[in-house]
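For reference, data.txt (compact mmCIF, C-alpha atoms and all ligand atoms):
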```
# COMPACT_ATOMS: atom_id res chain seq x y z
CA GLY N 249 -35.36 -10.37 26.03
CA HIS N 250 -38.60 -8.69 26.94
CA SER N 251 -38.87 -10.35 30.32
CA LYS N 252 -38.62 -8.23 33.44
CA GLU N 253 -35.25 -8.14 35.17
CA LYS N 254 -34.74 -10.68 37.94
CA ASP N 255 -36.53 -9.91 41.22
CA VAL N 256 -34.47 -8.16 43.89
CA ARG N 257 -34.67 -10.51 46.88
CA VAL N 258 -34.16 -8.97 50.31
CA TRP N 259 -33.08 -11.02 53.33
CA CYS N 260 -34.15 -10.08 56.87
CA ASP N 261 -33.39 -12.17 59.91
CA GLY N 262 -33.96 -12.16 63.65
CA CYS N 263 -35.67 -13.79 66.62
CA TYR N 264 -39.12 -12.30 65.93
CA ASP N 265 -40.14 -13.28 69.46
CA MET N 266 -43.34 -11.48 70.45
CA VAL N 267 -43.85 -9.94 67.02
CA HIS N 268 -45.07 -6.34 67.13
CA PHE N 269 -45.65 -3.52 64.62
CA GLY N 270 -41.99 -2.45 64.96
CA HIS N 271 -40.97 -5.73 63.33
CA ALA N 272 -43.71 -5.24 60.71
CA ASN N 273 -42.45 -1.72 60.01
CA SER N 274 -38.90 -2.98 59.39
CA LEU N 275 -40.24 -5.59 56.94
CA ARG N 276 -42.32 -2.90 55.22
CA GLN N 277 -39.18 -0.81 54.72
CA ALA N 278 -37.27 -3.89 53.51
CA LYS N 279 -39.97 -4.57 50.92
CA ALA N 280 -39.55 -1.04 49.58
CA LEU N 281 -35.85 -1.76 48.93
CA GLY N 282 -36.60 -4.70 46.61
CA ASP N 283 -39.28 -6.99 45.18
CA LYS N 284 -39.41 -9.95 47.55
CA VAL N 285 -38.82 -10.19 51.31
CA ILE N 286 -37.41 -13.45 52.66
CA VAL N 287 -37.32 -13.68 56.46
CA GLY N 288 -34.86 -15.98 58.23
CA ILE N 289 -35.97 -16.92 61.74
CA HIS N 290 -33.66 -18.35 64.41
CA THR N 291 -34.60 -21.68 65.98
CA ASP N 292 -35.44 -21.89 69.70
CA GLU N 293 -32.10 -23.65 70.21
CA GLU N 294 -30.09 -20.89 68.47
CA ILE N 295 -31.82 -18.12 70.48
CA THR N 296 -31.35 -20.00 73.77
CA LYS N 297 -27.61 -20.24 73.02
CA HIS N 298 -27.26 -16.47 72.47
CA LYS N 299 -29.75 -14.78 74.76
CA GLY N 300 -31.83 -17.31 76.64
CA PRO N 301 -35.06 -19.08 75.69
CA PRO N 302 -37.67 -17.21 73.62
CA VAL N 303 -41.21 -16.68 74.95
CA PHE N 304 -42.79 -18.03 71.76
CA THR N 305 -41.95 -21.33 70.08
CA GLU N 306 -40.41 -21.41 66.61
CA GLU N 307 -43.75 -22.61 65.15
CA GLU N 308 -45.54 -19.62 66.67
CA ARG N 309 -42.81 -17.18 65.58
CA VAL N 310 -42.85 -18.51 62.00
CA LYS N 311 -46.64 -18.23 61.83
CA MET N 312 -46.62 -14.62 63.09
CA VAL N 313 -44.04 -13.50 60.53
CA LYS N 314 -45.85 -15.33 57.70
CA GLY N 315 -48.97 -13.34 58.64
CA ILE N 316 -47.29 -9.98 57.92
CA LYS N 317 -48.37 -8.60 54.56
CA TRP N 318 -44.93 -7.53 53.30
CA VAL N 319 -43.38 -11.00 53.80
CA ASP N 320 -43.03 -13.31 50.79
CA GLU N 321 -41.13 -16.29 52.24
CA VAL N 322 -40.08 -17.51 55.68
CA VAL N 323 -37.06 -19.72 56.39
CA LEU N 324 -36.63 -21.34 59.81
CA GLY N 325 -33.07 -21.99 61.02
CA ALA N 326 -31.24 -18.79 60.07
CA PRO N 327 -27.82 -18.60 61.77
CA TYR N 328 -27.33 -15.89 64.43
CA VAL N 329 -24.43 -14.43 62.45
CA THR N 330 -25.69 -13.78 58.90
CA THR N 331 -23.38 -15.45 56.37
CA LEU N 332 -22.89 -14.87 52.64
CA GLU N 333 -23.76 -18.56 52.14
CA VAL N 334 -27.20 -18.09 53.67
CA LEU N 335 -27.85 -15.10 51.35
CA ASP N 336 -26.70 -17.13 48.33
CA GLN N 337 -28.64 -20.27 49.30
CA ASN N 338 -31.80 -18.17 49.40
CA ASN N 339 -30.90 -16.17 46.24
CA CYS N 340 -30.92 -12.96 48.22
CA ASP N 341 -29.09 -9.87 46.98
CA PHE N 342 -28.56 -8.22 50.35
CA CYS N 343 -29.58 -8.25 53.99
CA VAL N 344 -31.66 -5.57 55.75
CA HIS N 345 -31.70 -4.86 59.48
CA GLY N 346 -32.78 -2.04 61.78
CA ASP N 347 -30.22 0.56 62.85
CA ASP N 348 -29.45 -1.06 66.20
CA ILE N 349 -26.34 -3.13 66.85
CA THR N 350 -26.92 -6.81 67.55
CA MET N 351 -24.21 -9.01 69.04
CA THR N 352 -23.65 -12.71 69.58
CA ALA N 353 -23.05 -14.11 73.09
CA GLU N 354 -19.32 -13.53 72.38
CA GLY N 355 -19.83 -9.86 71.49
CA VAL N 356 -19.44 -10.19 67.72
CA ASP N 357 -21.57 -7.93 65.43
CA THR N 358 -24.02 -10.40 63.85
CA TYR N 359 -23.82 -8.53 60.53
CA HIS N 360 -20.03 -8.14 60.18
CA LEU N 361 -19.78 -10.62 57.26
CA VAL N 362 -22.52 -9.08 55.12
CA LYS N 363 -21.33 -5.56 56.00
CA SER N 364 -17.78 -6.18 54.73
CA ALA N 365 -19.16 -7.82 51.56
CA ASN N 366 -21.33 -4.71 50.93
CA ARG N 367 -24.47 -6.78 51.06
CA TYR N 368 -26.06 -4.98 54.01
CA LYS N 369 -28.61 -2.14 54.17
CA GLU N 370 -30.12 -0.45 57.17
CA VAL N 371 -33.66 0.74 57.91
CA ARG N 372 -34.90 3.00 60.71
CA ARG N 373 -35.90 1.12 63.85
CA THR N 374 -39.40 2.03 65.07
CA ALA N 375 -39.02 4.13 68.20
CA GLY N 376 -41.24 3.47 71.21
CA VAL N 377 -41.92 -0.23 70.79
CA SER N 378 -39.83 -3.25 71.69
CA THR N 379 -40.25 -6.62 73.33
CA THR N 380 -38.55 -5.26 76.46
CA ASP N 381 -41.03 -2.38 76.58
CA LEU N 382 -44.05 -4.67 76.14
CA VAL N 383 -42.76 -7.07 78.80
CA GLY N 384 -42.33 -4.09 81.12
CA ARG N 385 -45.96 -3.08 80.57
CA MET N 386 -47.12 -6.63 81.31
CA LEU N 387 -45.16 -6.82 84.55
CA LEU N 388 -46.45 -3.38 85.55
CA LEU N 389 -49.97 -4.54 84.79
CA THR N 390 -49.75 -7.46 87.17
CA ARG N 391 -47.95 -5.48 89.85
CA ASN N 392 -50.64 -2.76 89.87
CA HIS N 393 -53.24 -5.47 89.69
CA PHE N 394 -51.86 -7.24 92.76
CA ARG N 395 -51.53 -4.01 94.69
CA GLN N 396 -54.99 -2.84 93.81
CA GLY N 397 -56.87 -1.97 96.99
CA SER N 398 -53.76 -1.60 99.08
CA ALA N 399 -53.05 1.76 100.68
CA GLU N 400 -49.58 1.81 99.18
CA TYR N 401 -50.70 1.85 95.55
CA ASP N 402 -54.34 2.19 94.76
CA ILE N 403 -54.84 2.68 91.05
CA GLU N 404 -58.57 3.38 91.55
CA LYS N 405 -57.75 6.50 93.49
CA GLU N 406 -55.66 8.02 90.72
CA ASP N 407 -57.13 10.50 88.27
CA SER N 408 -57.81 8.05 85.46
CA ALA N 409 -58.23 10.78 82.83
CA ALA N 410 -54.96 12.51 83.64
CA LYS N 411 -52.92 9.33 83.98
CA SER N 412 -54.65 6.53 82.19
CA PRO N 413 -53.26 3.22 83.41
CA TRP N 414 -53.94 1.58 80.08
CA THR N 415 -52.32 4.09 77.73
CA GLY N 416 -49.89 5.90 80.01
CA CYS N 417 -46.99 3.49 79.38
CA SER N 418 -46.70 3.80 75.62
CA GLN N 419 -43.72 5.73 74.24
CA PHE N 420 -44.86 5.30 70.66
CA LEU N 421 -45.91 8.42 68.71
CA PRO N 422 -48.60 7.53 66.20
CA THR N 423 -48.90 9.56 62.99
CA THR N 424 -51.32 9.52 60.06
CA GLN N 425 -48.29 8.88 57.83
CA LYS N 426 -47.63 5.55 59.58
CA ILE N 427 -51.29 4.55 59.23
CA ILE N 428 -51.16 5.39 55.50
CA GLN N 429 -47.99 3.34 55.07
CA PHE N 430 -49.55 0.34 56.80
CA SER N 431 -52.95 0.55 55.14
CA ASP N 432 -53.56 -1.21 51.81
CA GLY N 433 -55.72 1.66 50.54
CA LYS N 434 -58.06 -0.61 48.59
CA SER N 435 -61.85 -0.26 48.69
CA PRO N 436 -64.03 -3.31 48.21
CA ASN N 437 -64.95 -4.16 44.61
CA PRO N 438 -68.63 -4.06 43.61
CA GLY N 439 -70.26 -7.34 44.62
CA ASP N 440 -67.58 -8.24 47.15
CA LYS N 441 -68.82 -10.13 50.18
CA ILE N 442 -67.87 -8.01 53.19
CA VAL N 443 -66.96 -9.63 56.50
CA TYR N 444 -66.86 -7.73 59.78
CA VAL N 445 -65.26 -8.73 63.08
CA ALA N 446 -64.60 -6.62 66.17
CA GLY N 447 -62.52 -6.92 69.29
CA ALA N 448 -59.57 -5.69 71.31
CA PHE N 449 -56.82 -7.47 69.35
CA ASP N 450 -54.46 -6.59 72.19
CA LEU N 451 -50.87 -7.95 71.86
CA PHE N 452 -51.76 -9.29 68.41
CA HIS N 453 -51.01 -13.03 68.53
CA VAL N 454 -51.32 -16.39 66.71
CA GLY N 455 -54.90 -16.89 67.98
CA HIS N 456 -55.93 -13.61 66.34
CA LEU N 457 -54.09 -14.59 63.18
CA ASP N 458 -55.84 -17.98 62.86
CA PHE N 459 -59.18 -16.32 63.59
CA LEU N 460 -58.67 -13.58 60.97
CA GLU N 461 -57.54 -16.10 58.37
CA LYS N 462 -60.78 -18.07 58.82
CA ALA N 463 -62.89 -14.90 58.93
CA SER N 464 -61.31 -13.64 55.69
CA LYS N 465 -62.27 -16.90 53.96
CA LEU N 466 -65.96 -16.21 54.62
CA GLY N 467 -65.88 -13.38 52.10
CA ASP N 468 -63.79 -11.14 49.85
CA TYR N 469 -63.05 -8.12 52.04
CA LEU N 470 -62.35 -8.19 55.79
CA ILE N 471 -63.03 -5.20 58.05
CA VAL N 472 -61.79 -5.30 61.65
CA GLY N 473 -63.40 -3.02 64.24
CA LEU N 474 -61.13 -2.07 67.14
CA HIS N 475 -62.67 -0.93 70.42
CA THR N 476 -61.24 2.11 72.21
CA ASP N 477 -59.01 1.71 75.27
CA PRO N 478 -61.76 2.67 77.77
CA VAL N 479 -64.20 0.22 76.14
CA VAL N 480 -61.65 -2.62 76.26
CA ASN N 481 -60.86 -1.71 79.86
CA SER N 482 -64.54 -1.77 80.78
CA TYR N 483 -64.93 -5.45 79.87
CA LYS N 484 -61.36 -6.75 80.42
CA GLY N 485 -60.71 -4.93 83.69
CA SER N 486 -57.32 -4.62 85.39
CA ASN N 487 -55.00 -2.45 83.29
CA TYR N 488 -56.00 -3.91 79.94
CA PRO N 489 -55.40 -3.19 77.12
CA ILE N 490 -51.60 -3.44 77.14
CA MET N 491 -51.34 -1.80 73.73
CA ASN N 492 -53.25 1.41 73.12
CA LEU N 493 -55.67 1.88 70.24
CA HIS N 494 -53.07 3.38 67.87
CA GLU N 495 -50.69 0.48 68.43
CA ARG N 496 -53.46 -2.07 67.99
CA VAL N 497 -54.49 -0.38 64.71
CA LEU N 498 -50.98 -0.82 63.27
CA SER N 499 -50.68 -4.44 64.48
CA VAL N 500 -53.96 -5.39 62.80
CA LEU N 501 -53.22 -3.41 59.60
CA ALA N 502 -49.94 -5.32 59.22
CA CYS N 503 -51.89 -8.59 58.98
CA LYS N 504 -52.23 -9.92 55.43
CA PHE N 505 -55.84 -11.06 55.91
CA VAL N 506 -57.12 -7.59 56.87
CA ASN N 507 -58.36 -5.02 54.34
CA GLU N 508 -59.67 -2.25 56.56
CA VAL N 509 -59.79 -1.21 60.21
CA VAL N 510 -62.48 0.81 62.02
CA ILE N 511 -60.61 2.90 64.60
CA GLY N 512 -62.72 2.94 67.76
CA ALA N 513 -65.62 0.70 66.68
CA PRO N 514 -68.74 0.72 68.89
CA TYR N 515 -68.94 -2.27 71.23
CA CYS N 516 -72.35 -3.27 69.86
CA VAL N 517 -72.71 -3.97 66.15
CA THR N 518 -75.42 -1.50 65.14
CA GLU N 519 -77.76 -1.18 62.14
CA GLU N 520 -75.88 1.98 61.15
CA LEU N 521 -72.53 0.18 61.11
CA LEU N 522 -73.91 -2.69 59.01
CA GLU N 523 -75.44 -0.24 56.52
CA HIS N 524 -72.45 2.09 56.38
CA PHE N 525 -69.95 -0.63 55.47
CA LYS N 526 -72.47 -2.82 53.56
CA ILE N 527 -71.54 -5.75 55.77
CA ASP N 528 -72.70 -9.21 54.63
CA VAL N 529 -71.48 -11.32 57.55
CA VAL N 530 -70.37 -10.66 61.14
CA CYS N 531 -68.32 -13.19 63.07
CA HIS N 532 -66.80 -13.90 66.45
CA GLY N 533 -64.24 -16.49 67.50
CA ARG N 534 -64.08 -19.08 70.25
CA THR N 535 -63.65 -16.68 73.17
CA PRO N 536 -66.68 -15.81 75.34
CA ILE N 537 -68.76 -12.80 74.28
CA ALA N 538 -68.85 -10.16 77.03
CA LEU N 539 -72.27 -8.51 77.34
CA GLU N 540 -72.43 -4.71 77.24
CA ASN N 541 -73.00 -3.43 80.80
CA GLY N 542 -73.52 -7.08 81.75
CA LYS N 543 -76.83 -7.30 79.86
CA SER N 544 -76.92 -6.59 76.08
CA ASP N 545 -75.52 -8.99 73.50
CA PRO N 546 -73.25 -6.92 71.19
CA TYR N 547 -74.24 -9.19 68.29
CA ALA N 548 -78.04 -8.96 68.79
CA VAL N 549 -78.60 -7.00 65.54
CA PRO N 550 -76.59 -9.27 63.18
CA LYS N 551 -78.16 -12.32 64.92
CA THR N 552 -81.67 -11.00 64.18
CA ARG N 553 -80.67 -10.46 60.56
CA ALA N 554 -79.24 -14.01 60.47
CA ILE N 555 -75.83 -12.76 59.28
CA PHE N 556 -73.88 -13.81 62.41
CA GLU N 557 -71.42 -16.73 62.44
CA LEU N 558 -69.24 -18.28 65.13
CA ILE N 559 -65.76 -19.33 64.03
CA ASP N 560 -63.48 -21.84 65.70
CA SER N 561 -59.96 -20.52 65.27
CA GLY N 562 -58.63 -23.83 66.60
CA ASN N 563 -56.12 -21.84 68.63
CA GLU N 564 -55.95 -21.59 72.42
CA MET N 565 -53.81 -18.44 72.58
CA THR N 566 -55.15 -15.38 74.41
CA THR N 567 -53.68 -12.07 75.54
CA GLU N 568 -53.96 -13.29 79.16
CA ARG N 569 -52.03 -16.44 78.32
CA ILE N 570 -49.18 -14.33 76.91
CA VAL N 571 -49.06 -12.33 80.14
CA GLU N 572 -48.91 -15.62 82.10
CA ARG N 573 -46.03 -16.84 79.92
CA ILE N 574 -44.13 -13.61 80.46
CA ILE N 575 -44.54 -13.88 84.21
CA SER N 576 -43.27 -17.46 84.23
CA HIS N 577 -40.28 -16.30 82.11
CA ARG N 578 -39.67 -13.12 84.10
CA LEU N 579 -36.48 -14.38 85.69
CA GLU N 580 -34.93 -14.50 82.23
CA TYR N 581 -35.52 -10.78 81.51
N1 LIG N 601 -36.99 -3.87 64.72
C1 LIG N 601 -37.35 -2.58 64.39
N2 LIG N 601 -37.99 -1.78 65.30
C2 LIG N 601 -38.28 -2.25 66.54
C3 LIG N 601 -37.92 -3.57 66.91
C4 LIG N 601 -37.28 -4.37 65.96
O1 LIG N 601 -37.10 -2.13 63.27
N3 LIG N 601 -38.88 -1.44 67.41
C5 LIG N 601 -36.27 -4.68 63.72
C6 LIG N 601 -34.86 -5.08 64.11
O2 LIG N 601 -33.96 -4.02 63.88
C7 LIG N 601 -34.60 -6.25 63.18
C8 LIG N 601 -35.98 -6.90 63.02
O3 LIG N 601 -36.92 -5.93 63.53
O4 LIG N 601 -34.19 -5.78 61.90
C9 LIG N 601 -36.19 -8.20 63.75
O5 LIG N 601 -35.19 -8.47 64.70
P1 LIG N 601 -35.38 -9.10 66.14
O6 LIG N 601 -34.09 -9.77 66.44
O7 LIG N 601 -36.58 -9.95 66.27
O8 LIG N 601 -35.69 -7.74 66.88
P2 LIG N 601 -35.31 -7.18 68.28
O9 LIG N 601 -34.39 -6.04 68.09
O10 LIG N 601 -34.94 -8.31 69.19
O11 LIG N 601 -36.75 -6.61 68.70
P3 LIG N 601 -37.18 -6.24 70.17
O12 LIG N 601 -36.20 -5.25 70.66
O13 LIG N 601 -38.57 -5.71 70.06
O14 LIG N 601 -37.15 -7.56 70.89
O1 LIG N 602 -60.13 -11.07 72.62
P1 LIG N 602 -60.16 -10.21 71.39
O2 LIG N 602 -61.22 -9.15 71.42
O3 LIG N 602 -58.82 -9.66 71.05
O4 LIG N 602 -60.56 -11.22 70.22
C1 LIG N 602 -60.81 -10.79 68.91
C2 LIG N 602 -61.48 -11.95 68.12
O5 LIG N 602 -60.54 -13.03 67.97
C3 LIG N 602 -62.69 -12.53 68.85
O6 LIG N 602 -63.69 -12.83 67.87
C4 LIG N 602 -62.13 -13.79 69.46
O7 LIG N 602 -63.11 -14.76 69.73
C5 LIG N 602 -61.14 -14.25 68.41
N1 LIG N 602 -60.12 -15.19 68.92
C6 LIG N 602 -60.13 -16.51 68.52
N2 LIG N 602 -59.18 -17.40 68.99
C7 LIG N 602 -58.25 -17.00 69.89
C8 LIG N 602 -58.23 -15.66 70.33
C9 LIG N 602 -59.17 -14.76 69.82
O8 LIG N 602 -60.97 -16.90 67.72
N3 LIG N 602 -57.36 -17.90 70.34
```

What does this structure look like when you write it as C-alpha cells?
Amino acid sequence: GHSKEKDVRVWCDGCYDMVHFGHANSLRQAKALGDKVIVGIHTDEEITKHKGPPVFTEEERVKMVKGIKWVDEVVLGAPYVTTLEVLDQNNCDFCVHGDDITMTAEGVDTYHLVKSANRYKEVRRTAGVSTTDLVGRMLLLTRNHFRQGSAEYDIEKEDSAAKSPWTGCSQFLPTTQKIIQFSDGKSPNPGDKIVYVAGAFDLFHVGHLDFLEKASKLGDYLIVGLHTDPVVNSYKGSNYPIMNLHERVLSVLACKFVNEVVIGAPYCVTEELLEHFKIDVVCHGRTPIALENGKSDPYAVPKTRAIFELIDSGNEMTTERIVERIISHRLEY
C-alpha cells in the first residue's frame, strides 16, 4: 500500500527519580533511534525492593517524564528486569538504555533478557549529572549554610569570584551543540500570542511543570527567562542555585511547554525586553515575588501596561522543599 511503514516504537525504562537533563538527553537520543518513545517507570514499591525508597512519588515521577518533549507515552509499573513480554505488550521493537550497567538487588544485569534477544540498544550517558551528584550538592549546600559564620568554614570569606559556591560543584560541560539539540528551533508564527515568564527554575520540578503548562495555555508561544547564578543567589541567598545557568537552560528546554529560553534574563521585565520579543502577556506563579534590592517590583512595567497575570499552578512543590526531602532521606544515600 501507500501507507507509511509501521512506527518504530522505542522502550526506555528506569526509576526517573529526581528527573534531570541527563534523563532528558537519553530520551532525546532514544527518539532519534525510532519514531515513538514509550517510557516504563518503576513503581515506588519496585524501587524500594531494589534500592530503597525513591525521593519522589510515582505520580510525581510519571508527571516529570510526561513533561519531556521527546516522550510519547508513559507506562507506570515497568518491571526492574526488562522482559520481552513487556516490550511486546507495549508494541516496542527494542529497548534503549544509557551505557552504564544496572543491576537488581541480587546482582543480575537488568537488561540481560533484551540483550540476548538482540532487542537492546545503548546511548551515551550524559557525563557530569546524576541524582547522586545533585544530592551531594544539596547536602553541601546545607552544610555550608549551617557552618556559615563559624571560624572553621566561613563561605563569606572565600573569594567568591574564584570559587563560586553556587557553580563550583558542577562537573557538567555545557556546549552549544547540546543547546542546539535541546532547542526546538522554531520562531513564533505571525500573529502568535507570546507569553513570557522568568525565574530561577532551579532543580526543575513538578511545580515548575504545572506552572509552565498553565502559562503556555495563555498564548501560542512560551518564552522562559532564566536569571544568572549571581542574580538567583542575590534573592535566594545561601548557596542557591543548586544547578548553574547552563544546566537550568537544558532542564527548561527539555520541557514540552517551552518554545524559547532567554539565557540570563534581567531580573526586572523591561520595556526593551517586551519590545524585543513582542511579548503579549507576562505571568508569575503562586510563589512570592522578591523585590529587586528589596524595593522595586520586577513586574512594574508589565503591570502598568496591564499585560501581567498571576497563575495558580495548584502545586506546592518548591526547590527548598526538594532539599528538605533529600535531607530527611539522607540516611538512605
Ligand atoms: N541516564 C543518562 N545520563 C545520566 C543519568 C541517567 O543517560 N546522567 C539514563 C540512564 O542510563 C537510563 C535513563 O537515564 O537509561 C533512566 O534511568 P534511571 O534508572 O532513572 O537513571 P539513573 O542511572 O538512576 O540516573 P541517576 O544516576 O541520575 O540517578
Ligand atoms: O522559584 P522559581 O523562580 O524557580 O519559579 C519560577 C516560576 O514558577 C515562578 O513564576 C513561580 O511562581 C512558579 N511556580 C509555581 N508553582 C510552584 C513553583 C513555582 O507557580 N510550585

Coordinates-based distance that separates atom CA of N:Leu493 from atom CA of N:Val443 (Å, one decimal)
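Going from atom CA of N:Val443 over to atom CA of N:Leu493, I get 21.2 Å.
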
Compile the contact shell of N:His532 as a ChimeraX atom specification: residues with an atom at most 8 Å away, counting only C-alpha atoms, same-chain residues fewer than 6 positions apart removed.
/N:445-446,557-559

Report the distance between atom CA of N:Leu539 and atom CA of N:Gly455 in Å, rounded to one decimal place.
21.4 Å

Could you tell me which of N:Ser364, N:Lys317, N:Asp255, N:Ser378 comes closest to ligand LIG 601 (chain N) if we count all atoms listed in the file?
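The answer is N:Ser378, which sits nearest to ligand LIG 601 (chain N).
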
List the spatial neighbours of N:Pro546 as an NGL selection string - criterion: any atom at most 12 Å away, all atoms listed in the file, same-chain residues fewer than 3 positions off excluded.
:N and (445-447 or 513-519 or 530-532 or 536-543 or 549-552 or 556)

Contacts of N:Asp560 at 12 Å or less, counting all atoms listed in the file, minus same-chain residues fewer than 3 places along, as an MDAnalysis selection string?
chainID N and resid 455:456 458:463 531:536 557 563:564
